[in-house]
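run-v3.pdb follows (PDB, C-alpha atoms, pLDDT in the B column):
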ATOM      1  CA  VAL A   1      37.497  84.224  -5.737  1.00 35.00           C
ATOM      2  CA  ALA A   2      34.537  85.521  -7.689  1.00 36.00           C
ATOM      3  CA  ALA A   3      31.157  84.849  -6.207  1.00 39.00           C
ATOM      4  CA  ALA A   4      28.946  82.382  -7.986  1.00 38.00           C
ATOM      5  CA  ARG A   5      26.475  83.995 -10.318  1.00 40.00           C
ATOM      6  CA  PRO A   6      22.921  83.518  -9.020  1.00 43.00           C
ATOM      7  CA  PRO A   7      20.540  81.636 -11.260  1.00 42.00           C
ATOM      8  CA  PRO A   8      18.246  83.783 -13.405  1.00 47.00           C
ATOM      9  CA  PRO A   9      14.731  84.300 -12.052  1.00 49.00           C
ATOM     10  CA  PRO A  10      11.988  82.194 -13.649  1.00 47.00           C
ATOM     11  CA  PRO A  11      10.379  83.879 -16.657  1.00 49.00           C
ATOM     12  CA  ALA A  12       7.137  85.684 -15.919  1.00 47.00           C
ATOM     13  CA  ASP A  13       5.387  83.837 -18.737  1.00 48.00           C
ATOM     14  CA  GLY A  14       6.153  80.417 -17.238  1.00 48.00           C
ATOM     15  CA  LEU A  15       8.297  79.272 -20.181  1.00 51.00           C
ATOM     16  CA  VAL A  16      11.562  77.375 -19.655  1.00 55.00           C
ATOM     17  CA  ALA A  17      14.471  79.794 -19.382  1.00 66.00           C
ATOM     18  CA  ASP A  18      17.177  79.824 -22.044  1.00 72.00           C
ATOM     19  CA  CYS A  19      20.609  78.464 -21.157  1.00 78.00           C
ATOM     20  CA  ALA A  20      22.712  81.073 -19.348  1.00 74.00           C
ATOM     21  CA  LEU A  21      25.974  79.053 -19.471  1.00 81.00           C
ATOM     22  CA  GLU A  22      28.819  79.741 -21.873  1.00 88.00           C
ATOM     23  CA  ASN A  23      28.895  77.764 -25.106  1.00 92.00           C
ATOM     24  CA  ALA A  24      31.187  74.758 -25.319  1.00 92.00           C
ATOM     25  CA  THR A  25      33.573  74.258 -28.231  1.00 93.00           C
ATOM     26  CA  PHE A  26      33.031  71.078 -30.233  1.00 93.00           C
ATOM     27  CA  VAL A  27      35.557  69.499 -32.584  1.00 91.00           C
ATOM     28  CA  GLU A  28      34.236  67.242 -35.343  1.00 90.00           C
ATOM     29  CA  SER A  29      36.323  64.160 -36.060  1.00 93.00           C
ATOM     30  CA  PRO A  30      36.518  62.666 -39.573  1.00 94.00           C
ATOM     31  CA  LEU A  31      33.954  60.078 -38.438  1.00 94.00           C
ATOM     32  CA  ASP A  32      31.655  62.843 -37.160  1.00 95.00           C
ATOM     33  CA  ALA A  33      31.978  64.664 -40.474  1.00 95.00           C
ATOM     34  CA  PHE A  34      31.143  61.497 -42.427  1.00 96.00           C
ATOM     35  CA  LEU A  35      28.099  60.688 -40.293  1.00 96.00           C
ATOM     36  CA  LEU A  36      26.832  64.257 -40.518  1.00 97.00           C
ATOM     37  CA  ARG A  37      27.225  64.207 -44.284  1.00 97.00           C
ATOM     38  CA  PHE A  38      25.343  60.901 -44.495  1.00 97.00           C
ATOM     39  CA  THR A  39      22.597  62.213 -42.205  1.00 97.00           C
ATOM     40  CA  ARG A  40      22.184  65.369 -44.271  1.00 97.00           C
ATOM     41  CA  ASP A  41      21.997  63.372 -47.502  1.00 97.00           C
ATOM     42  CA  ARG A  42      19.321  61.091 -46.055  1.00 97.00           C
ATOM     43  CA  TYR A  43      17.460  64.090 -44.617  1.00 97.00           C
ATOM     44  CA  ALA A  44      17.364  65.716 -48.056  1.00 96.00           C
ATOM     45  CA  ALA A  45      16.222  62.473 -49.680  1.00 96.00           C
ATOM     46  CA  ARG A  46      13.466  61.723 -47.140  1.00 96.00           C
ATOM     47  CA  THR A  47      12.134  65.139 -46.098  1.00 96.00           C
ATOM     48  CA  PRO A  48       8.465  65.803 -46.840  1.00 94.00           C
ATOM     49  CA  GLY A  49       9.248  69.522 -46.871  1.00 93.00           C
ATOM     50  CA  PRO A  50      11.139  71.815 -49.241  1.00 91.00           C
ATOM     51  CA  ALA A  51      14.259  70.427 -50.928  1.00 87.00           C
ATOM     52  CA  TYR A  52      16.678  72.780 -49.181  1.00 93.00           C
ATOM     53  CA  ARG A  53      20.427  72.306 -48.733  1.00 95.00           C
ATOM     54  CA  SER A  54      22.313  74.703 -46.495  1.00 96.00           C
ATOM     55  CA  GLY A  55      25.700  75.977 -47.576  1.00 95.00           C
ATOM     56  CA  ARG A  56      27.040  75.705 -44.037  1.00 95.00           C
ATOM     57  CA  PRO A  57      29.080  72.610 -43.112  1.00 93.00           C
ATOM     58  CA  GLY A  58      28.542  70.028 -40.404  1.00 94.00           C
ATOM     59  CA  ILE A  59      25.866  70.219 -37.768  1.00 96.00           C
ATOM     60  CA  SER A  60      25.176  73.902 -38.501  1.00 96.00           C
ATOM     61  CA  GLY A  61      24.041  72.984 -42.003  1.00 97.00           C
ATOM     62  CA  LEU A  62      21.987  70.044 -40.731  1.00 97.00           C
ATOM     63  CA  LEU A  63      20.189  72.276 -38.235  1.00 97.00           C
ATOM     64  CA  ASP A  64      19.468  74.838 -40.973  1.00 97.00           C
ATOM     65  CA  GLU A  65      17.790  72.079 -42.968  1.00 97.00           C
ATOM     66  CA  MET A  66      15.862  70.876 -39.927  1.00 97.00           C
ATOM     67  CA  ARG A  67      14.542  74.388 -39.275  1.00 97.00           C
ATOM     68  CA  VAL A  68      13.242  74.642 -42.834  1.00 96.00           C
ATOM     69  CA  LEU A  69      11.093  71.552 -42.282  1.00 96.00           C
ATOM     70  CA  MET A  70      10.005  72.689 -38.812  1.00 96.00           C
ATOM     71  CA  LEU A  71       8.766  76.013 -40.198  1.00 96.00           C
ATOM     72  CA  ASP A  72       7.100  74.493 -43.259  1.00 96.00           C
ATOM     73  CA  GLU A  73       3.422  73.508 -43.230  1.00 95.00           C
ATOM     74  CA  THR A  74       4.442  69.887 -43.816  1.00 95.00           C
ATOM     75  CA  GLY A  75       6.668  69.900 -40.736  1.00 94.00           C
ATOM     76  CA  THR A  76       4.205  68.778 -38.108  1.00 97.00           C
ATOM     77  CA  ASP A  77       5.636  67.464 -34.856  1.00 97.00           C
ATOM     78  CA  ASP A  78       4.904  63.900 -35.948  1.00 97.00           C
ATOM     79  CA  ALA A  79       6.391  64.427 -39.426  1.00 97.00           C
ATOM     80  CA  GLN A  80       9.630  65.750 -37.954  1.00 97.00           C
ATOM     81  CA  SER A  81       9.951  62.831 -35.542  1.00 98.00           C
ATOM     82  CA  GLU A  82       9.082  60.262 -38.198  1.00 98.00           C
ATOM     83  CA  LEU A  83      11.723  61.632 -40.568  1.00 97.00           C
ATOM     84  CA  VAL A  84      14.537  61.508 -38.008  1.00 98.00           C
ATOM     85  CA  TYR A  85      13.431  58.059 -36.821  1.00 98.00           C
ATOM     86  CA  ARG A  86      13.759  56.763 -40.394  1.00 97.00           C
ATOM     87  CA  ILE A  87      17.191  58.354 -40.723  1.00 97.00           C
ATOM     88  CA  LEU A  88      18.352  56.714 -37.482  1.00 97.00           C
ATOM     89  CA  LEU A  89      17.322  53.382 -38.982  1.00 96.00           C
ATOM     90  CA  ASP A  90      19.292  54.267 -42.128  1.00 97.00           C
ATOM     91  CA  LEU A  91      22.332  54.941 -39.937  1.00 96.00           C
ATOM     92  CA  MET A  92      21.971  51.519 -38.305  1.00 95.00           C
ATOM     93  CA  THR A  93      21.841  49.836 -41.754  1.00 94.00           C
ATOM     94  CA  PRO A  94      19.506  46.837 -42.229  1.00 93.00           C
ATOM     95  CA  ALA A  95      22.001  44.535 -40.484  1.00 93.00           C
ATOM     96  CA  LEU A  96      22.137  46.065 -36.996  1.00 95.00           C
ATOM     97  CA  PRO A  97      18.486  46.120 -35.801  1.00 96.00           C
ATOM     98  CA  PRO A  98      18.051  42.312 -36.012  1.00 95.00           C
ATOM     99  CA  ILE A  99      21.341  41.798 -34.153  1.00 95.00           C
ATOM    100  CA  TYR A 100      20.352  44.299 -31.457  1.00 96.00           C
ATOM    101  CA  ARG A 101      16.867  42.842 -31.026  1.00 95.00           C
ATOM    102  CA  LEU A 102      18.293  39.323 -30.629  1.00 95.00           C
ATOM    103  CA  PHE A 103      21.457  39.796 -28.569  1.00 95.00           C
ATOM    104  CA  VAL A 104      20.501  42.889 -26.539  1.00 96.00           C
ATOM    105  CA  ALA A 105      16.714  43.177 -26.356  1.00 95.00           C
ATOM    106  CA  GLY A 106      16.325  39.386 -26.256  1.00 95.00           C
ATOM    107  CA  PHE A 107      13.704  38.899 -28.975  1.00 95.00           C
ATOM    108  CA  VAL A 108      13.420  35.700 -30.978  1.00 95.00           C
ATOM    109  CA  PRO A 109      13.703  36.875 -34.627  1.00 95.00           C
ATOM    110  CA  SER A 110      10.434  37.223 -36.538  1.00 95.00           C
ATOM    111  CA  ILE A 111       9.183  38.591 -39.833  1.00 94.00           C
ATOM    112  CA  GLU A 112       6.704  40.805 -37.972  1.00 92.00           C
ATOM    113  CA  ARG A 113       9.533  42.704 -36.286  1.00 90.00           C
ATOM    114  CA  GLY A 114      11.318  43.265 -39.577  1.00 90.00           C
ATOM    115  CA  ASP A 115      13.983  40.599 -39.227  1.00 93.00           C
ATOM    116  CA  PRO A 116      15.332  39.010 -42.433  1.00 94.00           C
ATOM    117  CA  LYS A 117      13.447  35.924 -43.590  1.00 94.00           C
ATOM    118  CA  TRP A 118      16.455  33.595 -43.355  1.00 94.00           C
ATOM    119  CA  LEU A 119      16.989  34.553 -39.700  1.00 94.00           C
ATOM    120  CA  ALA A 120      13.300  34.281 -38.826  1.00 94.00           C
ATOM    121  CA  ASP A 121      13.087  30.880 -40.542  1.00 95.00           C
ATOM    122  CA  LEU A 122      16.133  29.677 -38.623  1.00 93.00           C
ATOM    123  CA  ALA A 123      14.714  30.917 -35.319  1.00 92.00           C
ATOM    124  CA  ALA A 124      11.375  29.211 -36.027  1.00 93.00           C
ATOM    125  CA  LYS A 125      13.110  25.828 -35.967  1.00 93.00           C
ATOM    126  CA  GLN A 126      14.141  26.087 -32.318  1.00 91.00           C
ATOM    127  CA  PRO A 127      11.648  24.569 -29.835  1.00 91.00           C
ATOM    128  CA  PHE A 128      12.057  26.949 -26.886  1.00 91.00           C
ATOM    129  CA  ARG A 129      10.346  30.246 -27.767  1.00 92.00           C
ATOM    130  CA  PRO A 130       8.011  31.235 -30.647  1.00 93.00           C
ATOM    131  CA  PRO A 131       9.094  33.941 -33.135  1.00 93.00           C
ATOM    132  CA  GLY A 132       8.714  37.419 -31.685  1.00 93.00           C
ATOM    133  CA  ALA A 133       8.756  36.261 -28.052  1.00 94.00           C
ATOM    134  CA  ARG A 134      11.291  37.377 -25.471  1.00 94.00           C
ATOM    135  CA  ILE A 135      13.964  34.791 -24.774  1.00 91.00           C
ATOM    136  CA  PHE A 136      14.054  35.563 -21.034  1.00 89.00           C
ATOM    137  CA  GLY A 137      10.902  37.627 -20.686  1.00 87.00           C
ATOM    138  CA  GLY A 138      12.643  40.961 -21.185  1.00 90.00           C
ATOM    139  CA  PRO A 139      15.853  42.638 -22.339  1.00 93.00           C
ATOM    140  CA  LEU A 140      19.029  40.749 -21.439  1.00 94.00           C
ATOM    141  CA  PHE A 141      20.531  41.752 -18.102  1.00 94.00           C
ATOM    142  CA  TYR A 142      23.468  43.582 -19.651  1.00 96.00           C
ATOM    143  CA  ALA A 143      21.370  45.501 -22.204  1.00 97.00           C
ATOM    144  CA  PRO A 144      21.047  48.926 -20.497  1.00 97.00           C
ATOM    145  CA  PHE A 145      24.702  49.145 -19.443  1.00 97.00           C
ATOM    146  CA  ALA A 146      26.112  47.794 -22.718  1.00 97.00           C
ATOM    147  CA  THR A 147      24.018  50.229 -24.728  1.00 97.00           C
ATOM    148  CA  SER A 148      25.153  53.165 -22.582  1.00 97.00           C
ATOM    149  CA  VAL A 149      28.788  52.230 -23.262  1.00 97.00           C
ATOM    150  CA  VAL A 150      28.364  52.063 -27.047  1.00 96.00           C
ATOM    151  CA  ALA A 151      25.972  55.016 -27.444  1.00 96.00           C
ATOM    152  CA  PRO A 152      28.585  57.811 -27.101  1.00 94.00           C
ATOM    153  CA  LEU A 153      30.384  56.411 -30.146  1.00 92.00           C
ATOM    154  CA  VAL A 154      27.149  56.207 -32.132  1.00 93.00           C
ATOM    155  CA  PHE A 155      25.459  59.486 -31.215  1.00 95.00           C
ATOM    156  CA  GLY A 156      28.492  61.680 -30.505  1.00 96.00           C
ATOM    157  CA  PHE A 157      28.340  63.324 -33.931  1.00 96.00           C
ATOM    158  CA  LEU A 158      24.951  64.799 -32.981  1.00 97.00           C
ATOM    159  CA  VAL A 159      25.113  65.397 -29.231  1.00 97.00           C
ATOM    160  CA  GLY A 160      28.840  65.781 -28.590  1.00 97.00           C
ATOM    161  CA  PRO A 161      30.920  64.086 -25.879  1.00 96.00           C
ATOM    162  CA  ALA A 162      29.017  61.973 -23.370  1.00 97.00           C
ATOM    163  CA  ARG A 163      29.906  59.827 -20.377  1.00 96.00           C
ATOM    164  CA  VAL A 164      28.498  56.642 -18.924  1.00 97.00           C
ATOM    165  CA  ALA A 165      26.556  57.313 -15.742  1.00 96.00           C
ATOM    166  CA  ARG A 166      23.784  55.941 -13.589  1.00 95.00           C
ATOM    167  CA  ARG A 167      20.218  56.099 -14.823  1.00 92.00           C
ATOM    168  CA  ALA A 168      17.775  58.560 -13.319  1.00 81.00           C
ATOM    169  CA  ASP A 169      16.689  55.780 -10.917  1.00 88.00           C
ATOM    170  CA  GLY A 170      20.284  55.045  -9.858  1.00 90.00           C
ATOM    171  CA  ALA A 171      20.724  51.796 -11.788  1.00 94.00           C
ATOM    172  CA  ARG A 172      23.347  51.153 -14.452  1.00 95.00           C
ATOM    173  CA  GLY A 173      22.384  52.022 -18.002  1.00 97.00           C
ATOM    174  CA  GLY A 174      22.604  55.794 -18.078  1.00 97.00           C
ATOM    175  CA  LEU A 175      24.425  58.352 -20.165  1.00 96.00           C
ATOM    176  CA  VAL A 176      25.033  62.045 -19.475  1.00 97.00           C
ATOM    177  CA  VAL A 177      25.778  64.645 -22.129  1.00 97.00           C
ATOM    178  CA  ASP A 178      27.225  67.508 -20.096  1.00 95.00           C
ATOM    179  CA  LYS A 179      26.624  70.082 -22.871  1.00 96.00           C
ATOM    180  CA  CYS A 180      24.546  68.866 -25.782  1.00 97.00           C
ATOM    181  CA  LYS A 181      25.897  69.958 -29.158  1.00 97.00           C
ATOM    182  CA  PHE A 182      22.525  69.583 -30.847  1.00 97.00           C
ATOM    183  CA  LEU A 183      20.769  71.718 -28.240  1.00 96.00           C
ATOM    184  CA  GLN A 184      23.515  74.329 -27.992  1.00 96.00           C
ATOM    185  CA  GLU A 185      23.902  74.830 -31.735  1.00 96.00           C
ATOM    186  CA  SER A 186      20.163  74.797 -32.463  1.00 95.00           C
ATOM    187  CA  ASN A 187      19.164  76.834 -29.389  1.00 93.00           C
ATOM    188  CA  CYS A 188      15.700  75.470 -30.073  1.00 95.00           C
ATOM    189  CA  LYS A 189      13.599  73.399 -27.708  1.00 95.00           C
ATOM    190  CA  GLY A 190      11.267  72.327 -30.531  1.00 96.00           C
ATOM    191  CA  LEU A 191      14.083  70.836 -32.598  1.00 97.00           C
ATOM    192  CA  CYS A 192      15.415  69.071 -29.499  1.00 97.00           C
ATOM    193  CA  LEU A 193      12.061  67.520 -28.664  1.00 97.00           C
ATOM    194  CA  HIS A 194      10.825  66.552 -32.121  1.00 98.00           C
ATOM    195  CA  GLN A 195      14.051  65.867 -34.027  1.00 97.00           C
ATOM    196  CA  CYS A 196      16.171  64.318 -31.281  1.00 98.00           C
ATOM    197  CA  LYS A 197      14.371  63.211 -28.088  1.00 98.00           C
ATOM    198  CA  ARG A 198      11.200  61.678 -29.566  1.00 98.00           C
ATOM    199  CA  PRO A 199      12.800  59.808 -32.493  1.00 98.00           C
ATOM    200  CA  ALA A 200      15.614  58.452 -30.290  1.00 98.00           C
ATOM    201  CA  GLU A 201      13.104  57.185 -27.732  1.00 98.00           C
ATOM    202  CA  ARG A 202      10.978  55.608 -30.463  1.00 97.00           C
ATOM    203  CA  LEU A 203      14.003  53.922 -32.037  1.00 97.00           C
ATOM    204  CA  PHE A 204      15.024  52.120 -28.865  1.00 97.00           C
ATOM    205  CA  ASP A 205      11.455  51.364 -27.849  1.00 96.00           C
ATOM    206  CA  GLU A 206      10.920  49.564 -31.159  1.00 95.00           C
ATOM    207  CA  LEU A 207      14.285  47.820 -30.827  1.00 96.00           C
ATOM    208  CA  GLY A 208      13.028  46.431 -27.538  1.00 95.00           C
ATOM    209  CA  LEU A 209      14.891  48.495 -24.921  1.00 97.00           C
ATOM    210  CA  PRO A 210      12.930  51.526 -23.681  1.00 97.00           C
ATOM    211  CA  LEU A 211      14.839  54.815 -23.525  1.00 97.00           C
ATOM    212  CA  HIS A 212      14.000  57.997 -21.647  1.00 96.00           C
ATOM    213  CA  VAL A 213      15.771  61.181 -22.779  1.00 97.00           C
ATOM    214  CA  ALA A 214      15.656  64.077 -20.292  1.00 96.00           C
ATOM    215  CA  PRO A 215      17.080  67.355 -21.646  1.00 96.00           C
ATOM    216  CA  ASN A 216      17.726  70.253 -19.278  1.00 95.00           C
ATOM    217  CA  PHE A 217      17.130  73.396 -21.291  1.00 94.00           C
ATOM    218  CA  GLU A 218      18.621  75.697 -18.660  1.00 93.00           C
ATOM    219  CA  THR A 219      22.028  73.943 -18.636  1.00 95.00           C
ATOM    220  CA  GLN A 220      21.828  72.104 -22.015  1.00 95.00           C
ATOM    221  CA  GLU A 221      22.755  68.911 -20.189  1.00 96.00           C
ATOM    222  CA  CYS A 222      20.916  65.772 -21.245  1.00 97.00           C
ATOM    223  CA  GLN A 223      20.451  62.442 -19.459  1.00 96.00           C
ATOM    224  CA  TRP A 224      19.657  59.229 -21.330  1.00 97.00           C
ATOM    225  CA  SER A 225      18.325  56.249 -19.366  1.00 97.00           C
ATOM    226  CA  TRP A 226      17.905  52.825 -20.998  1.00 97.00           C
ATOM    227  CA  GLY A 227      15.566  50.214 -19.595  1.00 95.00           C
ATOM    228  CA  VAL A 228      13.054  52.683 -18.180  1.00 88.00           C
ATOM    229  CA  ALA A 229       9.832  53.856 -19.802  1.00 70.00           C
TER     230      ALA A 229
END

Output the file's structure as structure tokens, nothing else.
Amino acid sequence: VAAARPPPPPPADGLVADCALENATFVESPLDAFLLRFTRDRYAARTPGPAYRSGRPGISGLLDEMRVLMLDETGTDDAQSELVYRILLDLMTPALPPIYRLFVAGFVPSIERGDPKWLADLAAKQPFRPPGARIFGGPLFYAPFATSVVAPLVFGFLVGPARVARRADGARGGLVVDKCKFLQESNCKGLCLHQCKRPAERLFDELGLPLHVAPNFETQECQWSWGVA
């Protein structure tokens, strides 16, 4: 039996070491291909940077386009995160955020939170909680776990296969990506932080269920924990 390879020594400059593990092989399903195509179309339509379209297919082409913005003078950290946040909302369609805020995050619908007027008007007629208030004071009890079950189906086209796990604090509501497709294929910590981690955290924070994304750059594993700041 071969001896285990010792971990690489920490870099002298104090930077996070690159991943030393072998690359995983990812297979894109027809749904993955459709979602990647949609994401790339929305990225091209919304980008504040150069109108660039890569000739490479799938996530490789998307990452090429993301790098162009990152390296452009318009691609500040905030601009990158804002763009991907808007695209995540596009992927949800206008119908899903109000449903999530009501039945998962536990918010009474309101115009201020972007809910449709007919739903906010209907909610305003009930006598129990004012528009915009929490129904039970916080997210519904099943929110973290239910979200962790659905998330692999929603985000798999970007991060690859994931499994439901415990959160970082041991409670239910966690997700582990054993080898992140986005991080492996980009091999870029900046893209991971500003065009994946930050916009995903902002999306769920504004939906009413805080998310903490913890990438491990040395193994390219990533842990998502819902319900924690």

Check what the PyMOL selection byres ((chain A and resi 173-185) around 6) selects in the file above and give those residues as a list in words.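 Written out, the selection comes to Pro144, Phe145, Ser148, Leu158, Val159, Gly160, Ala162, Arg163, Val164, Ala165, Arg166, Arg167, Arg172, Ser186, Asn187, Gln220, Glu221, Cys222, Gln223, Trp224, Ser225 and Trp226 of chain A.
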
Taking the file as I've supplied it (selection: the PyMOL selection byres ((chain A and resi 62) around 10)), which residues are included? Please answer as JSON, numbers by chain. {"A": [36, 37, 39, 40, 41, 43, 44, 53, 54, 55, 56, 57, 58, 59, 60, 61, 63, 64, 65, 66, 67, 158, 182, 186]}

Kindly resolve the PyMOL selection byres ((chain A and resi 49) around 10) on the present coordinates and return the residues as a VMD selection string. chain A and resid 44 46 to 48 50 to 52 65 to 66 68 to 75 79 to 80

Keeping C-alpha atoms, export the residues of the selection given above as a PDB file, in the frame of the given file.
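The resulting part.pdb:
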ATOM      1  CA  ALA A  44      17.364  65.716 -48.056  1.00 96.00           C
ATOM      2  CA  ARG A  46      13.466  61.723 -47.140  1.00 96.00           C
ATOM      3  CA  THR A  47      12.134  65.139 -46.098  1.00 96.00           C
ATOM      4  CA  PRO A  48       8.465  65.803 -46.840  1.00 94.00           C
ATOM      5  CA  PRO A  50      11.139  71.815 -49.241  1.00 91.00           C
ATOM      6  CA  ALA A  51      14.259  70.427 -50.928  1.00 87.00           C
ATOM      7  CA  TYR A  52      16.678  72.780 -49.181  1.00 93.00           C
ATOM      8  CA  GLU A  65      17.790  72.079 -42.968  1.00 97.00           C
ATOM      9  CA  MET A  66      15.862  70.876 -39.927  1.00 97.00           C
ATOM     10  CA  VAL A  68      13.242  74.642 -42.834  1.00 96.00           C
ATOM     11  CA  LEU A  69      11.093  71.552 -42.282  1.00 96.00           C
ATOM     12  CA  MET A  70      10.005  72.689 -38.812  1.00 96.00           C
ATOM     13  CA  LEU A  71       8.766  76.013 -40.198  1.00 96.00           C
ATOM     14  CA  ASP A  72       7.100  74.493 -43.259  1.00 96.00           C
ATOM     15  CA  GLU A  73       3.422  73.508 -43.230  1.00 95.00           C
ATOM     16  CA  THR A  74       4.442  69.887 -43.816  1.00 95.00           C
ATOM     17  CA  GLY A  75       6.668  69.900 -40.736  1.00 94.00           C
ATOM     18  CA  ALA A  79       6.391  64.427 -39.426  1.00 97.00           C
ATOM     19  CA  GLN A  80       9.630  65.750 -37.954  1.00 97.00           C
TER      20      GLN A  80
END

Protein/DNA/RNA residues near (9.3, 56.6, -20.6), cut 8 Å, all atoms listed in the file, as a list of chain:residue names: A:Pro210, A:Leu211, A:His212, A:Val228, A:Ala229

Give me, as a ChimeraX atom specification, all polymer residues having an atom no more than 12 Å from region 86-97 of chain A, counting only C-alpha atoms and skipping those fewer than 5 positions away in the same chain. /A:34-47,79-81,102-107,109,113-116,119,154-155,157-158,195-196,198-209

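Compared by their closest atoms to Phe141 (chain A), and using only C-alpha atoms, the residues A:Leu31, A:Pro215, A:Thr25, A:Ala171 rank with A:Ala171 nearest.
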
If I take CA of Asn216 (chain A) and CA of Asp169 (chain A), how far is one from the other in Å, to one decimal?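 Between CA of Asn216 (chain A) and CA of Asp169 (chain A) the gap works out to 16.7 Å.
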
Rounded to one decimal place, report the CA of Thr76 (chain A)-CA of Lys189 (chain A) distance in Å. 14.8 Å

Could you rebuild region 106-112 of chain A with all heavy atoms and give me the result as a short mmCIF file (atom, residue, chain, number, x, y, z; two decimals), in the coordinates of the input?
data_model
loop_
_atom_site.label_atom_id
_atom_site.label_comp_id
_atom_site.auth_asym_id
_atom_site.auth_seq_id
_atom_site.Cartn_x
_atom_site.Cartn_y
_atom_site.Cartn_z
N GLY A 106 16.74 40.74 -26.60
CA GLY A 106 16.32 39.39 -26.26
C GLY A 106 15.08 38.90 -26.96
O GLY A 106 14.34 38.08 -26.42
N PHE A 107 14.85 39.36 -28.20
CA PHE A 107 13.70 38.90 -28.98
C PHE A 107 14.11 37.75 -29.89
O PHE A 107 15.15 37.80 -30.55
CB PHE A 107 13.15 40.02 -29.86
CG PHE A 107 12.23 40.97 -29.14
CD1 PHE A 107 12.62 42.28 -28.90
CD2 PHE A 107 10.97 40.55 -28.73
CE1 PHE A 107 11.77 43.15 -28.25
CE2 PHE A 107 10.12 41.43 -28.07
CZ PHE A 107 10.52 42.73 -27.83
N VAL A 108 13.25 36.73 -29.95
CA VAL A 108 13.42 35.70 -30.98
C VAL A 108 13.09 36.35 -32.32
O VAL A 108 12.05 37.01 -32.45
CB VAL A 108 12.48 34.50 -30.72
CG1 VAL A 108 12.62 33.47 -31.83
CG2 VAL A 108 12.77 33.89 -29.36
N PRO A 109 13.95 36.22 -33.33
CA PRO A 109 13.70 36.88 -34.63
C PRO A 109 12.35 36.49 -35.22
O PRO A 109 11.88 35.36 -35.07
CB PRO A 109 14.86 36.37 -35.50
CG PRO A 109 15.95 36.06 -34.53
CD PRO A 109 15.25 35.53 -33.31
N SER A 110 11.72 37.46 -35.90
CA SER A 110 10.43 37.22 -36.54
C SER A 110 10.27 38.17 -37.71
O SER A 110 10.83 39.27 -37.72
CB SER A 110 9.28 37.43 -35.54
OG SER A 110 9.18 38.79 -35.18
N ILE A 111 9.49 37.75 -38.68
CA ILE A 111 9.18 38.59 -39.83
C ILE A 111 8.43 39.84 -39.39
O ILE A 111 8.65 40.95 -39.91
CB ILE A 111 8.35 37.81 -40.88
CG1 ILE A 111 9.17 36.64 -41.45
CG2 ILE A 111 7.87 38.73 -41.99
CD1 ILE A 111 10.36 37.08 -42.28
N GLU A 112 7.54 39.69 -38.42
CA GLU A 112 6.70 40.80 -37.97
C GLU A 112 7.54 41.95 -37.41
O GLU A 112 7.14 43.12 -37.51
CB GLU A 112 5.72 40.32 -36.91
CG GLU A 112 4.61 39.41 -37.43
CD GLU A 112 5.09 38.02 -37.80
OE1 GLU A 112 6.18 37.61 -37.29
OE2 GLU A 112 4.40 37.35 -38.58
#
